[in-house]
Amino acid sequence: MNRDMLNVYFVMGTENCNGKDPSFVLQEAIRGGITLFQFREKGDTALQGQEKVSLAIKLRDICHQHKVPFIVNDDINLALEVNADGVHIGQEDDDFISVKRRLPAKSIIGVSCHTLEEAAKAIADGADYLGVGPMFFTTTKKDIHAVQGPKVIREIRDKGYTIPIVGIGGINNSNARKVLEHGADGIAVISAISMATYPSNAAFELKEIHKTVKNNS
Ligand code: 3NM
């Protein structure tokens, strides 16, 4: 995969939109310049069944109209049903090999990692990219691991691993730079965009930070 896809990686489900229409939030985020979207429909109020499928199709179509890759969190059946561009799996989800076997060969598979050891295993398994976190404290995900900080990305790079990496967890426009400076290709955010008064402005600011850091490195 092209690592530039990860530059400004937006993750979202209905729970993250503060009552706003997820399609609107996604359109705004795309207008601001996000480079990839992950549909993550989680939490007590998460849509189920056909409602979840319908929203996934709607969001996928918005992404594809704008040539933004559409990735599904965890739910392999949904990814297959809506022809997603890939999936993102956590350490607690189905194991990598069985996920890979079920998906079309061109599918992108990202894996959440919290430590160097988990990263080494995901790379050996054949992950396309890693989501490393949590970078900072966040209240968006309830079952987060201890904050790892950007230094875990530096540890992975120091071992010589060149795999595409996004940092995730508590990232906003005042700390995104640090994540990129520690060796991440991109930043993955939920609330910094989804809860912003103007999601397009929030996405644009993150994109500008990314551009500035990468132009100087
Ligand atoms: N995964 P926000 S942290 C979905 O550490 C997710 O693996 C994490 O939300 C991990 O940008 C996280 O609002 C939540 O902090 C990210």
# chains A, B, ... in the order shown; residues from 1 in each chain; ligands from 1

$ residues_around --residues "Lys207 of chain A" --least-positions-apart "6" --cutoff "9 Å" --atoms "only C-alpha atoms" --output "list in words"
Asn7, Val8, Gly32, Gly33 and Ile34 of chain A

$ select_by_dssp --residues "segment 44-214 of chain A" --states "alpha helix (DSSP H)" --output "ChimeraX atom specification"
/A:49-65,76-81,96-102,116-125,151-158,176-181,191-194,199-214

$ closest_residue --among "A:Gly13, A:Val53, A:Gly183, A:Val72" --to "Asp158 of chain A" --atoms "only C-alpha atoms"
A:Gly183

$ residues_around --residues "Met135 of chain A" --least-positions-apart "4" --cutoff "9 Å" --atoms "only C-alpha atoms" --output "PyMOL selection string"
chain A and resi 147-152+167-171+179

$ residues_near_ligand --ligand "ligand 1" --cutoff "6 Å" --atoms "only C-alpha atoms and all ligand atoms" --output "ChimeraX atom specification"
/A:112,133-134,138,140-141,144,168-171,189-192

$ closest_atom_pairs --of "segment 102-179 of chain A" --to "segment 84-97 of chain A" --cutoff "7 Å" --atoms "only C-alpha atoms" --output "tab-separated table"
residue	atom	partner	partner_atom	distance
A:Ser107	CA	A:Gly86	CA	4.6
A:Ile108	CA	A:Gly86	CA	4.2
A:Ile109	CA	A:Val87	CA	5.1
A:Gly110	CA	A:His88	CA	4.5
A:Val111	CA	A:Ile89	CA	5.0
A:Ser112	CA	A:Gly90	CA	4.8
A:Asp125	CA	A:Phe96	CA	6.7

$ write_last_selection --atoms "N, CA and C atoms" --output "tab-separated table (two decimals), in the first residue's frame"
chain	number	residue	atom	x	y	z
A	107	SER	N	-6.87	-6.60	-0.47
A	107	SER	CA	-7.37	-5.90	0.73
A	107	SER	C	-6.23	-5.43	1.62
A	108	ILE	N	-6.41	-4.24	2.15
A	108	ILE	CA	-5.45	-3.69	3.11
A	108	ILE	C	-5.81	-4.27	4.48
A	109	ILE	N	-4.81	-4.73	5.22
A	109	ILE	CA	-5.08	-5.18	6.60
A	109	ILE	C	-4.17	-4.44	7.56
A	110	GLY	N	-4.79	-3.66	8.44
A	110	GLY	CA	-4.06	-2.94	9.48
A	110	GLY	C	-4.26	-3.61	10.81
A	111	VAL	N	-3.26	-3.53	11.67
A	111	VAL	CA	-3.31	-4.19	12.97
A	111	VAL	C	-2.97	-3.19	14.08
A	112	SER	N	-3.79	-3.18	15.13
A	112	SER	CA	-3.49	-2.34	16.31
A	112	SER	C	-2.40	-2.99	17.13
A	125	ASP	N	3.50	-11.54	10.54
A	125	ASP	CA	2.26	-12.10	9.99
A	125	ASP	C	1.97	-11.56	8.59

$ closest_residue --among "A:Lys52, A:Met5, A:Gly43, A:Gln27" --to "Pro69 of chain A" --atoms "only C-alpha atoms"
A:Met5

$ closest_residue --among "A:Arg40, A:Arg157, A:Lys100, A:Arg31" --to "His66 of chain A" --atoms "only C-alpha atoms"
A:Arg31

$ select_by_dssp --residues "segment 7-132 of chain A" --states "strand (DSSP E)" --output "list in words"
Val8, Tyr9, Phe10, Val11, Met12, Leu36, Phe37, Gln38, Phe39, Phe70, Ile71, Val72, Asn73, Gly86, Val87, His88, Ile89, Ile108, Ile109, Gly110, Val111, Ser112, Cys113, Tyr129, Leu130, Gly131 and Val132 of chain A

$ atom_distance --atom1 "atom CA of Cys17 of chain A" --atom2 "atom CA of Met195 of chain A"
6.1 Å

$ residues_around --residues "segment 172-178 of chain A" --least-positions-apart "6" --cutoff "7 Å" --atoms "only C-alpha atoms" --output "PyMOL selection string"
chain A and resi 150+187+192+205-206+209+213

$ write_last_selection --atoms "N, CA and C atoms" --output "PDB file, in the first residue's frame"
ATOM      1  N   PRO A 150       4.482   8.428  22.078  1.00  0.00           N
ATOM      2  CA  PRO A 150       5.115   8.305  20.759  1.00  0.00           C
ATOM      3  C   PRO A 150       6.406   7.492  20.781  1.00  0.00           C
ATOM      4  N   ILE A 187      -1.255  10.220  11.250  1.00  0.00           N
ATOM      5  CA  ILE A 187      -1.961  10.320  12.527  1.00  0.00           C
ATOM      6  C   ILE A 187      -3.401   9.859  12.325  1.00  0.00           C
ATOM      7  N   ALA A 192     -10.786  14.398  17.460  1.00  0.00           N
ATOM      8  CA  ALA A 192     -10.214  15.672  17.001  1.00  0.00           C
ATOM      9  C   ALA A 192     -10.937  16.164  15.746  1.00  0.00           C
ATOM     10  N   GLU A 205      -6.307  21.339   9.380  1.00  0.00           N
ATOM     11  CA  GLU A 205      -5.188  21.708  10.280  1.00  0.00           C
ATOM     12  C   GLU A 205      -4.241  20.528  10.483  1.00  0.00           C
ATOM     13  N   LEU A 206      -4.813  19.331  10.667  1.00  0.00           N
ATOM     14  CA  LEU A 206      -3.964  18.145  10.853  1.00  0.00           C
ATOM     15  C   LEU A 206      -3.148  17.875   9.589  1.00  0.00           C
ATOM     16  N   ILE A 209      -0.251  20.269   9.476  1.00  0.00           N
ATOM     17  CA  ILE A 209       0.802  19.856  10.414  1.00  0.00           C
ATOM     18  C   ILE A 209       1.605  18.712   9.798  1.00  0.00           C
ATOM     19  N   VAL A 213       5.658  18.885   8.999  1.00  0.00           N
ATOM     20  CA  VAL A 213       6.636  17.977   9.620  1.00  0.00           C
ATOM     21  C   VAL A 213       7.346  17.164   8.542  1.00  0.00           C
TER      22      VAL A 213
END

$ atom_distance --atom1 "atom CA of Glu117 of chain A" --atom2 "atom CA of Ile71 of chain A"
24.7 Å

$ residues_around --residues "Val82 of chain A" --least-positions-apart "6" --cutoff "10 Å" --atoms "only C-alpha atoms" --output "VMD selection string"
chain A and resid 53 to 54 56 to 58 60 to 61 70 72

$ atom_distance --atom1 "atom CA of Cys63 of chain A" --atom2 "atom CA of Lys214 of chain A"
24.7 Å

$ decode --residues "segment 33-77 of chain A" --atoms "N, CA and C atoms" --output "short mmCIF file (atom, residue, chain, number, x, y, z; two decimals), in the first residue's frame"
data_model
loop_
_atom_site.label_atom_id
_atom_site.label_comp_id
_atom_site.auth_asym_id
_atom_site.auth_seq_id
_atom_site.Cartn_x
_atom_site.Cartn_y
_atom_site.Cartn_z
N GLY A 33 -9.52 17.20 3.85
CA GLY A 33 -8.32 16.54 3.32
C GLY A 33 -7.91 15.23 3.94
N ILE A 34 -8.82 14.53 4.64
CA ILE A 34 -8.41 13.21 5.17
C ILE A 34 -7.99 12.30 4.02
N THR A 35 -7.11 11.35 4.36
CA THR A 35 -6.54 10.51 3.30
C THR A 35 -7.03 9.07 3.37
N LEU A 36 -7.71 8.71 4.45
CA LEU A 36 -8.27 7.36 4.59
C LEU A 36 -9.37 7.43 5.64
N PHE A 37 -10.38 6.56 5.48
CA PHE A 37 -11.46 6.52 6.48
C PHE A 37 -11.66 5.10 6.98
N GLN A 38 -11.76 4.97 8.31
CA GLN A 38 -12.10 3.68 8.93
C GLN A 38 -13.46 3.78 9.60
N PHE A 39 -14.38 2.92 9.19
CA PHE A 39 -15.73 2.87 9.79
C PHE A 39 -15.64 1.99 11.03
N ARG A 40 -15.89 2.61 12.19
CA ARG A 40 -15.76 1.90 13.47
C ARG A 40 -17.04 2.11 14.26
N GLU A 41 -17.98 1.21 14.04
CA GLU A 41 -19.31 1.35 14.64
C GLU A 41 -19.34 0.55 15.94
N LYS A 42 -19.04 1.25 17.06
CA LYS A 42 -18.90 0.57 18.35
C LYS A 42 -19.70 1.31 19.41
N GLY A 43 -19.81 0.68 20.58
CA GLY A 43 -20.45 1.34 21.73
C GLY A 43 -21.88 0.90 21.93
N ASP A 44 -22.47 1.38 23.03
CA ASP A 44 -23.82 0.94 23.44
C ASP A 44 -24.88 1.28 22.39
N THR A 45 -24.66 2.39 21.67
CA THR A 45 -25.70 2.82 20.73
C THR A 45 -25.35 2.45 19.28
N ALA A 46 -24.38 1.56 19.13
CA ALA A 46 -23.93 1.21 17.78
C ALA A 46 -25.06 0.59 16.96
N LEU A 47 -25.13 0.96 15.70
CA LEU A 47 -26.11 0.36 14.80
C LEU A 47 -25.78 -1.12 14.62
N GLN A 48 -26.83 -1.90 14.38
CA GLN A 48 -26.65 -3.35 14.20
C GLN A 48 -27.29 -3.77 12.88
N GLY A 49 -26.96 -4.95 12.45
CA GLY A 49 -27.65 -5.59 11.33
C GLY A 49 -27.71 -4.72 10.09
N GLN A 50 -28.92 -4.67 9.48
CA GLN A 50 -29.07 -3.99 8.20
C GLN A 50 -28.79 -2.49 8.29
N GLU A 51 -29.10 -1.91 9.46
CA GLU A 51 -28.83 -0.46 9.63
C GLU A 51 -27.34 -0.18 9.54
N LYS A 52 -26.57 -1.07 10.13
CA LYS A 52 -25.11 -0.90 10.10
C LYS A 52 -24.60 -1.07 8.66
N VAL A 53 -25.15 -2.07 7.98
CA VAL A 53 -24.73 -2.31 6.59
C VAL A 53 -25.08 -1.10 5.72
N SER A 54 -26.29 -0.56 5.91
CA SER A 54 -26.72 0.57 5.08
C SER A 54 -25.82 1.79 5.30
N LEU A 55 -25.49 2.04 6.57
CA LEU A 55 -24.61 3.19 6.82
C LEU A 55 -23.23 2.94 6.22
N ALA A 56 -22.75 1.71 6.34
CA ALA A 56 -21.43 1.39 5.77
C ALA A 56 -21.43 1.65 4.26
N ILE A 57 -22.49 1.27 3.60
CA ILE A 57 -22.56 1.45 2.13
C ILE A 57 -22.57 2.95 1.80
N LYS A 58 -23.34 3.69 2.58
CA LYS A 58 -23.42 5.14 2.36
C LYS A 58 -22.03 5.80 2.52
N LEU A 59 -21.36 5.43 3.60
CA LEU A 59 -20.05 6.03 3.88
C LEU A 59 -19.01 5.55 2.85
N ARG A 60 -19.11 4.29 2.48
CA ARG A 60 -18.20 3.77 1.44
C ARG A 60 -18.37 4.56 0.14
N ASP A 61 -19.62 4.80 -0.24
CA ASP A 61 -19.86 5.54 -1.50
C ASP A 61 -19.29 6.96 -1.43
N ILE A 62 -19.45 7.60 -0.28
CA ILE A 62 -18.89 8.95 -0.13
C ILE A 62 -17.37 8.88 -0.28
N CYS A 63 -16.75 7.91 0.38
CA CYS A 63 -15.29 7.76 0.27
C CYS A 63 -14.89 7.56 -1.19
N HIS A 64 -15.56 6.63 -1.85
CA HIS A 64 -15.12 6.27 -3.20
C HIS A 64 -15.36 7.39 -4.21
N GLN A 65 -16.41 8.20 -3.97
CA GLN A 65 -16.62 9.35 -4.86
C GLN A 65 -15.42 10.29 -4.80
N HIS A 66 -14.72 10.27 -3.66
CA HIS A 66 -13.60 11.20 -3.47
C HIS A 66 -12.25 10.48 -3.47
N LYS A 67 -12.27 9.21 -3.90
CA LYS A 67 -11.04 8.41 -3.98
C LYS A 67 -10.31 8.29 -2.64
N VAL A 68 -11.11 8.18 -1.58
CA VAL A 68 -10.55 7.96 -0.24
C VAL A 68 -10.79 6.48 0.11
N PRO A 69 -9.75 5.74 0.48
CA PRO A 69 -9.96 4.33 0.83
C PRO A 69 -10.91 4.18 2.03
N PHE A 70 -11.71 3.11 1.99
CA PHE A 70 -12.71 2.84 3.02
C PHE A 70 -12.35 1.52 3.71
N ILE A 71 -12.09 1.60 5.01
CA ILE A 71 -11.65 0.44 5.78
C ILE A 71 -12.68 0.16 6.87
N VAL A 72 -12.92 -1.11 7.18
CA VAL A 72 -13.87 -1.47 8.23
C VAL A 72 -13.11 -1.97 9.46
N ASN A 73 -13.54 -1.51 10.61
CA ASN A 73 -12.94 -1.96 11.87
C ASN A 73 -13.52 -3.31 12.27
N ASP A 74 -12.67 -4.26 12.49
CA ASP A 74 -13.01 -5.59 13.09
C ASP A 74 -13.92 -6.50 12.29
N ASP A 75 -14.98 -5.95 11.71
CA ASP A 75 -16.09 -6.78 11.23
C ASP A 75 -15.81 -7.28 9.80
N ILE A 76 -15.26 -8.48 9.74
CA ILE A 76 -14.81 -9.02 8.45
C ILE A 76 -16.00 -9.29 7.53
N ASN A 77 -17.10 -9.78 8.12
CA ASN A 77 -18.29 -10.05 7.30
C ASN A 77 -18.79 -8.77 6.64
#
